[in-house]
>>> print(open('input_24.txt').read())   # compact mmCIF, C-alpha atoms
# COMPACT_ATOMS: atom_id res chain seq x y z
CA MET F 1 83.46 -3.85 8.24
CA ASN F 2 86.16 -5.49 10.38
CA PRO F 3 85.46 -7.57 13.53
CA GLN F 4 86.25 -4.62 15.80
CA ASP F 5 83.59 -2.52 14.04
CA ASN F 6 81.10 -5.36 14.40
CA PHE F 7 81.85 -5.57 18.11
CA ARG F 8 81.54 -1.82 18.62
CA ASN F 9 78.35 -1.74 16.56
CA ALA F 10 76.77 -4.51 18.63
CA THR F 11 77.95 -2.92 21.86
CA ILE F 12 76.89 0.71 21.48
CA GLU F 13 73.62 0.34 19.62
CA ASN F 14 71.67 -0.64 22.76
CA SER F 15 69.25 2.01 23.99
CA SER F 16 69.69 0.91 27.62
CA ILE F 17 73.08 0.73 29.23
CA TRP F 18 72.03 -2.44 31.06
CA LYS F 19 71.71 -4.20 27.70
CA ASN F 20 75.39 -3.50 27.06
CA ILE F 21 76.82 -6.78 28.35
CA THR F 22 80.42 -5.59 28.12
CA PHE F 23 79.70 -2.53 30.24
CA VAL F 24 77.76 -4.62 32.77
CA LYS F 25 80.74 -6.97 33.21
CA LEU F 26 83.18 -4.08 33.61
CA PHE F 27 80.79 -2.26 35.93
CA ALA F 28 80.44 -5.37 38.11
CA SER F 29 84.22 -5.75 38.19
CA TYR F 30 84.67 -2.11 39.20
CA GLY F 31 81.89 -2.23 41.80
CA ILE F 32 83.15 -5.37 43.54
CA SER F 33 86.79 -4.22 43.66
CA THR F 34 85.78 -0.73 44.86
CA PHE F 35 83.64 -2.17 47.65
CA GLY F 36 86.56 -4.36 48.76
CA ARG F 37 88.96 -1.41 48.62
CA PHE F 38 87.09 0.43 51.37
CA PHE F 39 87.28 -2.66 53.57
CA ASP F 40 91.01 -2.53 52.97
CA MET F 41 91.29 1.19 53.81
CA MET F 42 89.59 0.64 57.15
CA ALA F 43 91.93 -2.28 57.89
CA VAL F 44 95.01 -0.13 57.20
CA ILE F 45 93.75 2.69 59.46
CA LEU F 46 92.93 0.32 62.34
CA LEU F 47 96.15 -1.65 61.94
CA PHE F 48 98.39 1.42 62.17
CA SER F 49 96.32 3.32 64.75
CA TYR F 50 95.08 0.65 67.16
CA VAL F 51 97.04 -2.57 66.65
CA TRP F 52 100.57 -1.18 66.16
CA GLN F 53 99.77 2.20 67.82
CA VAL F 54 102.43 4.00 65.78
CA GLU F 55 103.35 7.66 66.12
CA PRO F 56 101.18 10.25 64.29
CA TRP F 57 103.99 11.10 61.86
CA VAL F 58 104.19 7.44 60.80
CA ILE F 59 100.43 7.39 60.19
CA ALA F 60 100.92 10.52 58.05
CA LEU F 61 103.16 8.46 55.77
CA VAL F 62 100.23 6.21 54.78
CA PRO F 63 98.53 8.73 52.45
CA VAL F 64 102.00 9.63 51.12
CA VAL F 65 102.74 6.07 49.97
CA TYR F 66 99.27 5.94 48.41
CA ALA F 67 99.66 9.20 46.48
CA PHE F 68 103.36 9.16 45.54
CA PRO F 69 103.23 6.51 42.76
CA HIS F 70 100.15 8.16 41.25
CA ALA F 71 101.87 11.54 41.19
CA LEU F 72 105.05 10.13 39.70
CA PHE F 73 103.86 7.53 37.19
CA SER F 74 100.23 8.28 36.20
CA GLN F 75 101.17 10.28 33.10
CA ILE F 76 103.22 7.38 31.73
CA ALA F 77 100.47 4.94 32.74
CA GLY F 78 97.93 6.96 30.76
CA ILE F 79 100.08 6.70 27.62
CA TYR F 80 100.42 2.93 27.96
CA VAL F 81 96.68 2.58 28.60
CA ASP F 82 95.89 4.26 25.28
CA ARG F 83 98.38 2.03 23.42
CA TYR F 84 97.69 -1.37 24.93
CA ASN F 85 94.74 -3.62 25.75
CA LYS F 86 92.94 -1.85 28.58
CA VAL F 87 91.09 -4.90 29.88
CA LYS F 88 94.31 -6.92 30.14
CA ILE F 89 96.00 -4.01 31.90
CA MET F 90 93.22 -3.81 34.50
CA LEU F 91 93.24 -7.59 34.90
CA CYS F 92 96.99 -7.70 35.58
CA ALA F 93 96.73 -4.72 37.95
CA ASP F 94 93.98 -6.43 39.96
CA LEU F 95 95.99 -9.66 40.14
CA LEU F 96 99.14 -7.90 41.35
CA THR F 97 97.12 -5.82 43.82
CA ALA F 98 95.62 -9.03 45.22
CA ILE F 99 99.11 -10.52 45.70
CA PHE F 100 100.41 -7.47 47.59
CA THR F 101 97.21 -7.29 49.66
CA LEU F 102 97.71 -10.92 50.66
CA MET F 103 101.23 -9.99 51.76
CA LEU F 104 99.72 -7.35 54.07
CA PHE F 105 97.83 -10.14 55.85
CA PHE F 106 101.17 -11.59 56.97
CA VAL F 107 103.16 -8.43 57.74
CA GLY F 108 104.08 -7.80 61.37
CA THR F 109 105.70 -4.35 61.32
CA PRO F 110 104.47 -0.92 60.13
CA TRP F 111 107.62 -0.25 58.08
CA PHE F 112 107.28 -3.43 56.05
CA ALA F 113 103.59 -2.62 55.61
CA LEU F 114 104.48 0.83 54.22
CA ILE F 115 106.80 -0.77 51.66
CA VAL F 116 104.08 -3.21 50.57
CA LEU F 117 101.52 -0.38 50.38
CA LEU F 118 103.89 1.62 48.18
CA LEU F 119 104.35 -1.31 45.78
CA ARG F 120 100.64 -2.03 45.76
CA SER F 121 99.74 1.59 45.07
CA THR F 122 102.11 1.51 42.09
CA CYS F 123 100.06 -1.35 40.63
CA THR F 124 96.84 0.67 40.85
CA ILE F 125 97.97 3.73 38.86
CA VAL F 126 96.52 2.29 35.63
CA HIS F 127 92.97 1.90 36.94
CA PHE F 128 91.65 5.45 36.62
CA PRO F 129 92.98 6.14 33.08
CA ALA F 130 92.03 2.63 31.87
CA GLN F 131 88.53 2.87 33.25
CA GLN F 132 88.01 6.31 31.71
CA ALA F 133 89.43 5.25 28.34
CA ILE F 134 87.41 2.06 28.01
CA ILE F 135 84.06 3.77 28.64
CA GLN F 136 84.45 5.79 25.44
CA LYS F 137 85.15 2.57 23.53
CA ILE F 138 82.13 0.55 24.66
CA VAL F 139 79.40 3.07 25.57
CA ALA F 140 77.30 5.11 23.13
CA PRO F 141 77.84 8.89 23.42
CA ASP F 142 74.34 9.56 24.80
CA LEU F 143 74.86 6.93 27.53
CA ILE F 144 78.23 8.17 28.80
CA MET F 145 76.56 10.24 31.51
CA LYS F 146 74.77 7.15 32.81
CA ALA F 147 77.99 5.14 32.80
CA VAL F 148 79.86 7.86 34.72
CA THR F 149 77.08 8.33 37.30
CA LEU F 150 76.74 4.58 37.87
CA ASN F 151 80.45 4.32 38.63
CA GLY F 152 80.15 7.35 40.91
CA THR F 153 77.20 5.82 42.75
CA VAL F 154 79.12 2.61 43.45
CA ASN F 155 82.11 4.59 44.69
CA GLN F 156 80.03 6.70 47.09
CA LEU F 157 77.95 3.77 48.36
CA SER F 158 81.17 1.87 49.01
CA LYS F 159 82.41 4.83 51.07
CA ILE F 160 79.30 4.56 53.24
CA ILE F 161 78.97 0.78 53.60
CA GLY F 162 82.57 -0.44 53.27
CA PRO F 163 84.13 1.31 56.33
CA PHE F 164 81.10 0.44 58.50
CA LEU F 165 81.25 -3.27 57.65
CA GLY F 166 85.05 -3.23 57.74
CA ALA F 167 85.08 -1.75 61.25
CA SER F 168 82.44 -4.27 62.39
CA LEU F 169 84.48 -7.15 60.96
CA ALA F 170 87.62 -5.83 62.64
CA ALA F 171 85.83 -5.58 66.00
CA ALA F 172 84.54 -9.15 65.72
CA PHE F 173 87.78 -10.72 64.47
CA SER F 174 90.85 -8.73 63.40
CA PRO F 175 91.55 -5.79 61.04
CA LYS F 176 93.60 -8.14 58.87
CA ILE F 177 90.46 -10.12 57.97
CA SER F 178 89.42 -7.17 55.79
CA PHE F 179 92.53 -7.76 53.66
CA LEU F 180 91.17 -11.20 52.78
CA VAL F 181 87.83 -9.61 51.83
CA TYR F 182 89.66 -7.26 49.47
CA VAL F 183 91.69 -10.13 47.98
CA SER F 184 88.46 -12.06 47.33
CA ALA F 185 86.90 -8.99 45.69
CA LEU F 186 89.94 -8.52 43.45
CA LEU F 187 89.94 -12.16 42.36
CA ILE F 188 86.24 -11.95 41.47
CA SER F 189 87.06 -8.82 39.48
CA VAL F 190 89.82 -10.72 37.64
CA VAL F 191 87.40 -13.53 36.73
CA LEU F 192 84.88 -11.02 35.36
CA LEU F 193 87.55 -9.24 33.32
CA MET F 194 88.64 -12.57 31.82
CA THR F 195 85.16 -12.91 30.27
CA VAL F 196 85.46 -9.59 28.39
CA ARG F 197 86.53 -10.15 24.80
CA HIS F 198 87.54 -8.10 21.73
CA VAL F 199 87.27 -4.63 23.26
CA ASP F 200 90.82 -3.70 22.24
CA ASP F 201 91.42 -6.05 19.31
CA SER F 202 92.23 -3.15 16.99
CA THR F 203 94.84 -1.84 19.42
CA VAL F 204 96.55 -5.22 19.57
CA SER F 205 96.69 -5.54 15.80
CA LEU F 206 98.22 -2.08 15.45
CA GLU F 207 100.95 -3.01 17.89
CA GLU F 208 101.64 -6.24 16.03
CA GLU F 209 101.95 -4.32 12.77
CA GLY F 210 104.45 -1.98 14.41
CA GLU F 211 102.49 1.19 13.65
CA ASN F 212 102.98 2.60 17.14
CA THR F 213 106.56 1.53 17.80
CA SER F 214 108.07 4.67 16.21
CA ASP F 215 106.34 6.94 18.74
CA SER F 216 108.53 7.31 21.79
CA ILE F 217 107.00 7.74 25.22
CA TRP F 218 108.67 11.13 25.48
CA LYS F 219 107.20 12.33 22.19
CA THR F 220 103.73 11.11 23.13
CA TRP F 221 104.04 12.78 26.54
CA ARG F 222 104.91 16.13 24.92
CA GLU F 223 102.12 15.81 22.38
CA GLY F 224 99.66 15.13 25.19
CA TRP F 225 100.53 18.40 26.92
CA GLN F 226 100.38 20.26 23.62
CA LEU F 227 96.91 18.84 22.96
CA LEU F 228 95.79 19.85 26.44
CA PHE F 229 96.83 23.47 25.88
CA GLN F 230 95.12 23.47 22.47
CA LYS F 231 91.81 22.31 23.96
CA LYS F 232 90.48 25.36 25.76
CA ILE F 233 87.57 23.58 27.46
CA LEU F 234 89.72 20.73 28.72
CA LEU F 235 92.49 23.08 29.89
CA SER F 236 90.00 25.31 31.73
CA SER F 237 88.48 22.24 33.38
CA PHE F 238 91.91 21.02 34.49
CA LEU F 239 92.91 24.40 35.92
CA PHE F 240 89.59 24.99 37.67
CA THR F 241 89.23 21.52 39.19
CA LEU F 242 92.86 21.37 40.32
CA LEU F 243 92.61 24.83 41.92
CA ALA F 244 89.46 23.79 43.76
CA PHE F 245 90.95 20.41 44.65
CA THR F 246 93.99 22.10 46.20
CA ALA F 247 91.85 24.34 48.41
CA ILE F 248 89.64 21.41 49.43
CA GLN F 249 92.59 19.20 50.39
CA LEU F 250 93.92 21.89 52.73
CA VAL F 251 91.17 21.05 55.22
CA ASP F 252 89.78 17.70 54.11
CA VAL F 253 92.15 15.67 56.30
CA GLN F 254 91.57 18.02 59.26
CA TYR F 255 87.99 16.86 59.83
CA ALA F 256 89.09 14.60 62.69
CA VAL F 257 90.80 17.54 64.40
CA LEU F 258 87.71 19.75 64.00
CA PHE F 259 85.31 17.15 65.39
CA ARG F 260 87.69 16.34 68.24
CA GLU F 261 87.39 20.00 69.31
CA VAL F 262 83.62 20.20 68.91
CA TYR F 263 82.67 16.73 70.22
CA PRO F 264 85.62 15.61 72.41
CA SER F 265 83.71 12.70 73.98
CA GLN F 266 81.61 11.68 70.94
CA PRO F 267 83.90 10.37 68.17
CA SER F 268 80.96 8.59 66.54
CA ILE F 269 79.62 11.92 65.28
CA LEU F 270 82.57 12.12 62.87
CA GLY F 271 81.36 8.82 61.39
CA TRP F 272 77.83 10.19 61.09
CA ALA F 273 79.12 13.27 59.28
CA MET F 274 81.17 11.13 56.89
CA SER F 275 78.12 8.99 56.16
CA SER F 276 76.10 12.16 55.58
CA THR F 277 78.66 13.27 53.00
CA GLY F 278 78.30 9.94 51.21
CA ILE F 279 74.51 10.13 51.30
CA GLY F 280 74.53 13.64 49.81
CA ALA F 281 76.82 12.47 47.01
CA VAL F 282 74.67 9.41 46.23
CA LEU F 283 71.43 11.44 46.14
CA ILE F 284 72.78 14.00 43.69
CA ILE F 285 74.36 11.31 41.51
CA PHE F 286 70.96 9.60 41.26
CA PHE F 287 69.62 12.90 39.93
CA LEU F 288 72.49 13.33 37.46
CA ASN F 289 71.90 9.78 36.22
CA LYS F 290 68.68 10.95 34.56
CA MET F 291 70.57 13.37 32.32
CA LYS F 292 71.89 12.46 28.88
CA GLU F 293 74.37 15.30 28.45
CA VAL F 294 75.80 18.37 30.15
CA LYS F 295 76.05 21.62 28.23
CA SER F 296 76.95 24.26 30.83
CA TYR F 297 80.07 23.00 32.56
CA GLY F 298 80.44 26.20 34.58
CA TRP F 299 77.11 25.81 36.36
CA TYR F 300 77.90 22.26 37.42
CA LEU F 301 81.60 22.53 38.29
CA GLY F 302 81.20 26.00 39.83
CA GLY F 303 78.05 24.94 41.66
CA SER F 304 79.69 21.79 43.03
CA VAL F 305 82.61 23.78 44.44
CA LEU F 306 80.16 26.33 45.87
CA PHE F 307 78.31 23.59 47.77
CA ILE F 308 81.57 22.23 49.19
CA GLY F 309 82.70 25.70 50.26
CA ILE F 310 79.42 26.44 52.04
CA GLY F 311 79.65 23.11 53.86
CA PHE F 312 83.23 23.81 54.99
CA THR F 313 82.31 27.30 56.19
CA LEU F 314 79.33 26.03 58.18
CA ASN F 315 81.50 23.37 59.82
CA GLY F 316 84.03 26.03 60.76
CA MET F 317 81.27 28.06 62.46
CA MET F 318 80.45 25.25 64.91
CA ALA F 319 81.02 25.72 68.62
CA THR F 320 81.81 23.07 71.22
CA GLY F 321 78.76 20.85 71.76
CA ALA F 322 76.90 22.18 68.70
CA PRO F 323 73.64 20.36 67.81
CA VAL F 324 74.39 17.21 65.81
CA VAL F 325 72.09 18.36 63.02
CA TRP F 326 74.58 21.15 62.24
CA PRO F 327 77.56 19.05 61.07
CA ILE F 328 75.30 16.47 59.45
CA SER F 329 73.56 19.17 57.38
CA ALA F 330 76.86 20.84 56.48
CA SER F 331 78.37 17.49 55.49
CA LEU F 332 75.30 16.74 53.37
CA LEU F 333 76.02 19.92 51.38
CA VAL F 334 79.66 18.89 51.02
CA GLY F 335 78.50 15.49 49.74
CA VAL F 336 76.24 17.08 47.13
CA GLY F 337 79.19 19.13 45.89
CA VAL F 338 81.54 16.13 45.87
CA GLY F 339 79.01 14.07 43.90
CA ILE F 340 78.56 16.71 41.20
CA PHE F 341 82.30 17.47 41.09
CA SER F 342 83.40 13.85 40.55
CA VAL F 343 80.73 13.02 37.96
CA ILE F 344 81.07 16.16 35.86
CA HIS F 345 84.86 16.00 35.82
CA SER F 346 84.76 12.38 34.57
CA TYR F 347 82.14 13.37 31.99
CA ILE F 348 84.36 16.20 30.71
CA LEU F 349 87.29 13.79 30.36
CA GLN F 350 85.07 11.53 28.25
CA LYS F 351 83.57 14.24 26.07
CA GLU F 352 86.40 16.71 25.63
CA SER F 353 89.53 14.55 25.46
CA PRO F 354 90.97 14.16 21.94
CA GLU F 355 90.03 10.90 20.23
CA GLY F 356 92.12 8.02 21.56
CA LYS F 357 93.66 10.17 24.30
CA VAL F 358 91.21 9.68 27.18
CA GLY F 359 93.66 7.45 29.03
CA GLN F 360 96.54 9.90 28.67
CA MET F 361 94.44 12.91 29.73
CA SER F 362 93.11 10.97 32.72
CA GLY F 363 96.64 9.96 33.67
CA MET F 364 97.81 13.57 33.46
CA TYR F 365 95.02 14.70 35.77
CA ASN F 366 95.66 11.81 38.15
CA SER F 367 99.33 12.75 38.30
CA LEU F 368 98.69 16.42 39.01
CA SER F 369 96.09 15.64 41.68
CA GLY F 370 98.58 13.18 43.20
CA PHE F 371 101.15 15.96 43.65
CA ILE F 372 98.45 18.04 45.33
CA LEU F 373 97.68 15.19 47.71
CA LEU F 374 101.36 15.08 48.65
CA SER F 375 101.59 18.78 49.52
CA ALA F 376 98.21 20.36 50.34
CA PRO F 377 97.39 18.26 53.45
CA ILE F 378 100.79 19.10 54.96
CA LEU F 379 100.22 22.82 54.36
CA GLY F 380 96.72 22.50 55.81
CA GLY F 381 98.10 20.85 58.93
CA ALA F 382 100.61 23.68 59.33
CA LEU F 383 97.81 26.25 59.02
CA VAL F 384 95.77 24.50 61.69
CA GLN F 385 98.73 24.53 64.09
CA TRP F 386 99.58 28.13 63.26
CA VAL F 387 96.05 29.54 63.66
CA ASN F 388 93.28 27.15 64.79
CA VAL F 389 91.07 24.60 63.10
CA PHE F 390 87.88 26.71 63.24
CA THR F 391 89.48 29.73 61.57
CA VAL F 392 91.10 27.58 58.90
CA PHE F 393 87.81 25.85 58.04
CA LYS F 394 86.01 29.20 57.76
CA LEU F 395 88.81 30.83 55.77
CA ILE F 396 89.32 27.93 53.35
CA GLY F 397 85.54 27.50 53.10
CA LEU F 398 85.16 31.09 51.93
CA VAL F 399 88.03 30.65 49.47
CA VAL F 400 86.32 27.56 48.02
CA VAL F 401 83.03 29.51 47.81
CA ALA F 402 84.86 32.24 45.88
CA ILE F 403 86.35 29.68 43.47
CA GLY F 404 82.88 28.24 42.88
CA CYS F 405 81.46 31.70 42.18
CA ILE F 406 84.28 32.40 39.71
CA GLY F 407 83.39 29.20 37.85
CA ILE F 408 79.74 30.25 37.60
CA LEU F 409 80.24 33.95 36.83
CA PHE F 410 83.04 33.49 34.29
CA GLN F 411 81.87 30.27 32.68
CA LYS F 412 81.58 31.87 29.23
CA LYS F 413 85.23 32.83 29.42
CA LEU F 414 86.37 29.49 30.79
CA TRP F 415 84.06 27.06 28.98
CA SER F 416 83.05 28.13 25.52
CA THR F 417 79.62 26.96 24.34
CA LYS F 418 81.35 25.24 21.41
CA ASN F 419 81.76 22.15 23.61
CA THR F 420 78.46 20.78 22.34
CA VAL F 421 79.57 21.24 18.74
CA GLU F 422 82.83 19.42 19.42
CA SER F 423 80.99 16.61 21.19
CA LYS F 424 78.64 16.16 18.28
CA GLY F 425 81.59 16.16 15.92
CA ARG F 426 83.14 13.26 17.79
CA GLU F 427 79.85 11.31 17.77
CA THR F 428 79.79 11.22 13.98
CA PRO F 429 82.36 8.44 13.50
CA SER F 430 80.48 6.20 15.93
CA LYS F 431 77.23 6.77 14.08
CA ALA F 432 78.96 6.03 10.81
CA VAL F 433 80.11 2.72 12.23
CA GLU F 434 76.58 1.92 13.33
CA VAL F 435 75.28 2.54 9.84
CA GLY F 436 78.16 0.38 8.66
>>> encode(input="input_24.txt", output="structure tokens")
Amino acid sequence: MNPQDNFRNATIENSSIWKNITFVKLFASYGISTFGRFFDMMAVILLFSYVWQVEPWVIALVPVVYAFPHALFSQIAGIYVDRYNKVKIMLCADLLTAIFTLMLFFVGTPWFALIVLLLRSTCTIVHFPAQQAIIQKIVAPDLIMKAVTLNGTVNQLSKIIGPFLGASLAAAFSPKISFLVYVSALLISVVLLMTVRHVDDSTVSLEEEGENTSDSIWKTWREGWQLLFQKKILLSSFLFTLLAFTAIQLVDVQYAVLFREVYPSQPSILGWAMSSTGIGAVLIIFFLNKMKEVKSYGWYLGGSVLFIGIGFTLNGMMATGAPVVWPISASLLVGVGVGIFSVIHSYILQKESPEGKVGQMSGMYNSLSGFILLSAPILGGALVQWVNVFTVFKLIGLVVVAIGCIGILFQKKLWSTKNTVESKGRETPSKAVEVG
């Protein structure tokens, strides 16, 4: 047994995920950087909207510079993640992100800030595929669900707490102070990642021996798409989640417009609704954390989309001055759907991706969703101007409900029950290593 097998054996044999020291370090790194990222997001919004008071079309460029690098480069990033040391990749990405974030502290114009944001976003494209790929390496198969839900919980809690604290910090001092908070979080993440050893030793040795040098990026990219189309469950999951994601993004960025119509003098209610969405997501993720595996993907993915669609429809049915309990309850349903959607999709990437291809599959999904983020919000904005925000929310809500029902009713067609057999087949090598 080589040193890499010994490491994997020692890592995955723990019955509790909290005894897996490598996972704990990576989880802490992810949690701290994620928490800081939401401070940063609030700082960017306040800086463009209140400090520089730029035109709405300039503000609309902010999500574009965030999404564009992910759409363009995530597929290549996923290939590199599978080939190279994932921990070192994340470490370098965090370090570069910290440098560009520090530059934002000193910028004085929105156009220079947009350039820095574009460069910084390019550095972050490796995070999602690297994080997904490394979980499969260090976590036992029956603990993957716990790993995914823990990451989801941190993400949702950060969405609730980060913007609130970031806005409070900005009110007391300056929005730019939140950039320093994010830089500090990234540097702590870098220190934690520096303590992780030997996770990708086998990958490094293969590169040194030249076994991967003959495979061109183009060839690997084509093989990745071929593998995706050969894996029925993974392909169905991609198509279903991307279809639902497109419909959701048509109205997701229009929440501010909707609440401005319903509560013109109470902007704080939008914040309450956003917090309610986060709370709903956290509560359902806590429930999912108790599960060891998922067998019926259709029930969970279809059900999650159904919850989101119902929440959108209810929000679209509001009238001016509607009771506050209405949008909070609707947003709670949306949060439940978002929580299930994010966890189950990550779980499917872990369980159904071909061996050694989790990073590439994650990068492919990240790229496709990035293109959706570049186009769907613009189309949604056009629909709102063409009709009205209430009609669009009701219409898109019903479309999302229909997509969810399709996932549930046709799950046997979309997700064959052989997924459990395939998952068990992939667990065998790990168990063989444990026996050693």
>>> residues_around(input="input_24.txt", residues="Ile99 in chain F", least_positions_apart="5", cutoff="9 Å", atoms="only C-alpha atoms", output="PyMOL selection string")
chain F and resi 94+104+120+183
>>> atom_distance(input="input_24.txt", atom1="CA of Leu235 in chain F", atom2="CA of Phe341 in chain F")
16.1 Å
>>> atom_distance(input="input_24.txt", atom1="CA of Gln136 in chain F", atom2="CA of Ser416 in chain F")
22.4 Å
>>> atom_distance(input="input_24.txt", atom1="CA of Ile161 in chain F", atom2="CA of Val64 in chain F")
24.8 Å
>>> residues_around(input="input_24.txt", residues="Leu398 in chain F", least_positions_apart="3", cutoff="8 Å", atoms="all atoms listed in the file", output="PyMOL selection string")
chain F and resi 309-310+313+394-395+401-402
>>> residues_around(input="input_24.txt", residues="Thr153 in chain F", least_positions_apart="6", cutoff="9 Å", atoms="only C-alpha atoms", output="compact mmCIF listing (two decimals) with C-alpha atoms, in the frame of the given file")
# COMPACT_ATOMS: atom_id res chain seq x y z
CA ALA F 281 76.82 12.47 47.01
CA VAL F 282 74.67 9.41 46.23
CA LEU F 283 71.43 11.44 46.14
CA ILE F 285 74.36 11.31 41.51
CA PHE F 286 70.96 9.60 41.26
CA GLY F 339 79.01 14.07 43.90
>>> residues_around(input="input_24.txt", residues="Leu250 in chain F", least_positions_apart="5", cutoff="12 Å", atoms="all atoms listed in the file", output="ChimeraX atom specification")
/F:243-245,255,312,372-384,389,392-397,399-400
>>> residues_around(input="input_24.txt", residues="Gly224 in chain F", least_positions_apart="4", cutoff="9 Å", atoms="all atoms listed in the file", output="ChimeraX atom specification")
/F:79,219-220,228-229,357,360-361,364
>>> closest_residue(input="input_24.txt", among="F:Ser346, F:Ser367, F:Ser49, F:Gln249", to="Ala71 in chain F", atoms="all atoms listed in the file")
F:Ser367
>>> closest_residue(input="input_24.txt", among="F:Leu349, F:Val325, F:Ile45, F:Val139", to="Pro163 in chain F", atoms="all atoms listed in the file")
F:Ile45
>>> closest_residue(input="input_24.txt", among="F:Ile59, F:Ile144, F:Val65, F:Ile32", to="Val191 in chain F", atoms="all atoms listed in the file")
F:Ile32
>>> residues_near_point(input="input_24.txt", point="(75.5, 19.1, 57.2)", cutoff="9 Å", atoms="only C-alpha atoms", output="PyMOL selection string")
chain F and resi 273+276-277+311+314-315+324-335
>>> write_last_selection(input="input_24.txt", atoms="C-alpha atoms", output="mmCIF file, in the coordinates of the input")
data_model
loop_
_atom_site.group_PDB
_atom_site.id
_atom_site.type_symbol
_atom_site.label_atom_id
_atom_site.label_comp_id
_atom_site.auth_asym_id
_atom_site.auth_seq_id
_atom_site.Cartn_x
_atom_site.Cartn_y
_atom_site.Cartn_z
ATOM 1 C CA ALA F 273 79.120 13.270 59.280
ATOM 2 C CA SER F 276 76.100 12.160 55.580
ATOM 3 C CA THR F 277 78.660 13.270 53.000
ATOM 4 C CA GLY F 311 79.650 23.110 53.860
ATOM 5 C CA LEU F 314 79.330 26.030 58.180
ATOM 6 C CA ASN F 315 81.500 23.370 59.820
ATOM 7 C CA VAL F 324 74.390 17.210 65.810
ATOM 8 C CA VAL F 325 72.090 18.360 63.020
ATOM 9 C CA TRP F 326 74.580 21.150 62.240
ATOM 10 C CA PRO F 327 77.560 19.050 61.070
ATOM 11 C CA ILE F 328 75.300 16.470 59.450
ATOM 12 C CA SER F 329 73.560 19.170 57.380
ATOM 13 C CA ALA F 330 76.860 20.840 56.480
ATOM 14 C CA SER F 331 78.370 17.490 55.490
ATOM 15 C CA LEU F 332 75.300 16.740 53.370
ATOM 16 C CA LEU F 333 76.020 19.920 51.380
ATOM 17 C CA VAL F 334 79.660 18.890 51.020
ATOM 18 C CA GLY F 335 78.500 15.490 49.740
#
>>> closest_residue(input="input_24.txt", among="F:Met291, F:Ile177, F:Met318, F:Leu46", to="Val262 in chain F", atoms="all atoms listed in the file")
F:Met318
>>> closest_residue(input="input_24.txt", among="F:Leu180, F:Val338, F:Val24, F:Cys123", to="Ser74 in chain F", atoms="all atoms listed in the file")
F:Cys123
>>> closest_residue(input="input_24.txt", among="F:Ala171, F:Leu150, F:Val190, F:Leu368", to="Thr97 in chain F", atoms="all atoms listed in the file")
F:Val190
>>> build_atoms(input="input_24.txt", residues="range 143-154 of chain F", atoms="N, CA and C atoms", output="compact mmCIF listing (two decimals), in the frame of the given file")
# COMPACT_ATOMS: atom_id res chain seq x y z
N LEU F 143 74.95 7.71 26.29
CA LEU F 143 74.86 6.93 27.53
C LEU F 143 76.08 7.10 28.42
N ILE F 144 77.02 7.96 28.01
CA ILE F 144 78.23 8.17 28.80
C ILE F 144 77.90 8.74 30.17
N MET F 145 76.93 9.66 30.23
CA MET F 145 76.56 10.24 31.51
C MET F 145 76.06 9.17 32.47
N LYS F 146 75.28 8.23 31.96
CA LYS F 146 74.77 7.15 32.81
C LYS F 146 75.92 6.26 33.29
N ALA F 147 76.85 5.97 32.41
CA ALA F 147 77.99 5.14 32.80
C ALA F 147 78.81 5.82 33.90
N VAL F 148 79.07 7.11 33.74
CA VAL F 148 79.86 7.86 34.72
C VAL F 148 79.14 7.93 36.06
N THR F 149 77.83 8.21 36.04
CA THR F 149 77.08 8.33 37.30
C THR F 149 76.94 6.98 38.00
N LEU F 150 76.82 5.90 37.24
CA LEU F 150 76.74 4.58 37.87
C LEU F 150 78.04 4.25 38.60
N ASN F 151 79.16 4.53 37.96
CA ASN F 151 80.45 4.32 38.63
C ASN F 151 80.58 5.20 39.87
N GLY F 152 80.10 6.44 39.76
CA GLY F 152 80.15 7.35 40.91
C GLY F 152 79.28 6.88 42.05
N THR F 153 78.11 6.32 41.72
CA THR F 153 77.20 5.82 42.75
C THR F 153 77.85 4.67 43.52
N VAL F 154 78.45 3.74 42.79
CA VAL F 154 79.12 2.61 43.45
C VAL F 154 80.24 3.10 44.37
